[in-house]
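Asker: Below are the structure tokens for one structure; questions will follow.
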Amino acid sequence: MCGGGATVKAAVLGAGGQVGRALLAAIPTGVEADPLPRCALDIAECAALEETLERLQPDVVINAAGYTAVDRAEVEQDLAFAANARGVAHLANACARRRIRLVHLSTDHVFDGKASRPYGTGDACAPINFYGYSKLAGERAVGAHPYALVVRTSRIYSRHGRNFVRAVIERFREARAVHAVRDQFAAPTSAPCLARYLWRVALRPEITGVRHWTDAGEASWYDWACAIRAEAMALGLLTHAAEPIPVNSVDYPTAAQRPCYSVLDTERSACEIDLEPLPWRTGLRAVLAQMQYESRSPAALGLSGRS
Ligand SMILES: NC(=O)c1ccc[n+]([C@@H]2O[C@H](COP(=O)([O-])OP(=O)(O)OC[C@H]3O[C@@H](n4cnc5c(N)ncnc54)[C@H](OP(=O)(O)O)[C@@H]3O)[C@@H](O)[C@H]2O)c1
């Protein structure tokens, strides 16, 4: 696909989201990428999808579009299913018919979180919320495409968009208490680190099936909030902030249940492309440093994120 010096044409769906933006900021040499934010292509619109693929004729599609509001998905099930399952089925089918490579993002929420060791790609899926259920349905639809790859990841954040890091920084800045759950563990994953992996595998069409990719290590929401506070203070992004307050999930009810332990085993993925995941705290430091560099004013940062 990338041999002979020819340009690879890529289409990035969900180009306005955290991962989409990180992908566009890291386009490798020899790749021409068409950004497709939701306003340019709604993945749930079958005809628009066909027309776009026909017009752009990409060699590879990276699908970073998705309905990602985990709690709202419990009540907006139709919307979540349309984007994460039905739209993905159309996409997989349309790409397969045209022999277009497809890289699709999925989630640790396909697992029930009852494990006590990192989940392998072959472990049984048993989602405990509607978001996970809709993403699993999307994965299964992609499974019918012979040149497709599903990449499961967890707890994405970046300097843009709605995410835990931006929400916590905002609360610290407003001197509001930060309560964080201490008994749910996964790997925080920076969108720029994930984008590097995604481009690497997008250009390796022989890598198909399901892979796991996250930053290295694991953390509870509480561990993560403490690290955000410490790193942001060290960088001067925060001048003072109260210590986060640990809470148990039973004392912090949310509309959607979340897995208690959803660390993903990335060893196979790392070996096959010779890329080690960065420790999650290193990824965090880099994103906070970018936030610090870009602006010292909260207004310019446009902080309005939530977890
Ligand atoms: N965020 C996480 O912690 C996390 C963890 C594991 C896996 N993932 C998966 O990783 C992928 C990217 O996540 P992200 O963090 O970049 O999410 P994000 O920031 O919410 O971006 C998702 C993008 O998809 C767009 N979108 C939603 N419905 C769409 C539709 N019907 N057609 C076209 N675009 C649509 C959204 O547009 P609007 O903003 O206009 O709705 C948004 O720009 C998703 O598949 C997600 O399920 C995310």
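Note on naming: chains are A, B, ... as they come in the structure tokens, residues start from 1 per chain, ligands start from 1 in the order shown.
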Identify, on the basis of only C-alpha atoms, every residue whose closest approach to A:His109 does not exceed 8 Å; exclude the query and any residue fewer than 6 positions from it along the same chain; express the result as a ChimeraX atom specification.
Answerer: /A:127-129,131-132,258-259,262
Asker: Give me, as a ChimeraX atom specification, the set of residues whose atoms come within 9 Å of any atom of ligand 1, counting only C-alpha atoms and all ligand atoms.
Answerer: /A:13-22,36-45,63-69,79-80,82-84,87,104-109,131-132,135,151-158,160-164,188-189,191,307
Asker: Can you measure atom CA of A:Ala195 to atom CA of A:Glu218 for me? One decimal in Å is fine.
Answerer: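 These atoms are spaced 19.4 Å apart.
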Asker: Quick one, how far is atom CA of A:Ile245 from atom CA of A:Arg182?
Answerer: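 Taking atom CA of A:Ile245 as the start and atom CA of A:Arg182 as the end point, the length is 9.2 Å.
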Asker: One decimal, Å: what's the distance from atom CA of A:Asp112 over to atom CA of A:Cys125, could you say?
Answerer: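 These atoms are spaced 7.1 Å apart.
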Asker: As a VMD selection string, please: the residues near stretch 269-276 of chain A (cut-off 7 Å, only C-alpha atoms, same-chain neighbours under 3 positions excluded).
Answerer: chain A and resid 211 to 213 266
Asker: Filtering to C-alpha atoms, could you give me those residues as a tab-separated table (two decimals), in the first residue's frame?
Answerer:
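Here's the written file selection.tsv:
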chain	number	residue	atom	x	y	z
A	211	ARG	CA	-5.84	-5.04	18.35
A	212	HIS	CA	-5.50	-3.21	21.66
A	213	TRP	CA	-3.63	0.06	21.98
A	266	THR	CA	-1.12	-4.20	24.20
Asker: Let's see if you can do this: from backbone DSSP, list all strand (DSSP E or B) residues in stretch 52-260 of chain A, as a ChimeraX atom specification.
Answerer: /A:60-63,101-107,119,148-153,156-157,179-181,185-186,189-190,209-212,216,219-220,245-247
Asker: A:Asp265: which residues within 9 Å, counting only C-alpha atoms, same-chain residues fewer than 5 positions away excluded, as a list in words?
Answerer: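 The residues that qualify are Arg117, Pro118, Tyr119, Gly120, Thr121, His212, Trp213 and Thr214 of chain A.
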Asker: With only C-alpha atoms as the atoms that count, which of A:Ala10, A:Ala124, A:Leu91, A:Ala33 lies nearest to A:Cys46?
Answerer: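 Selected residue with least distance to A:Cys46: A:Leu91.
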Asker: Which of stretch 85-205 of chain A counts as helix (DSSP H, G or I) under DSSP, as a PyMOL selection string please?
Answerer: chain A and resi 85-97+108-110+130-142+164-173+191-202
Asker: Which residue out of A:Ile169, A:Ala11, A:Leu198, A:Val31 has the minimum interatomic distance to A:Arg55 when only C-alpha atoms are used?
Answerer: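 For A:Arg55, the nearest of the given residues is A:Ala11.
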Asker: Considering only C-alpha atoms, state which residue in the set A:Arg159, A:Arg204, A:His90, A:Arg98 is at the smallest distance from A:Ala48.
Answerer: A:His90
Asker: Counting only C-alpha atoms, what is within 10 Å of stretch 228-234 of chain A, bar same-chain residues fewer than 5 positions away, as a PyMOL selection string?
Answerer: chain A and resi 164-166+168-169+172+222-223+239-244+281-282+284-286+288-289+291-292
Asker: Skipping near chain neighbours, those fewer than 4 positions away, what residues fall within 8 Å of A:Ser249 using only C-alpha atoms, listed as number ranges by chain?
Answerer: A: 181-184, 253
Asker: Can you pull out the residues contacting stretch 143-145 of chain A? Cut-off 9 Å, using only C-alpha atoms, and skip same-chain residues under 3 positions away; I want them as a VMD selection string.
Answerer: chain A and resid 89 92 to 93 95 to 97 99 101 to 102 138 to 140 148 to 150 209 to 210
Asker: Given the choices A:Ala187, A:Val12, A:Pro28, A:Phe81, which gets closest to A:Ser220 if the distance is worked out from only C-alpha atoms?
Answerer: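 Distance minimum relative to A:Ser220 lands on A:Ala187.
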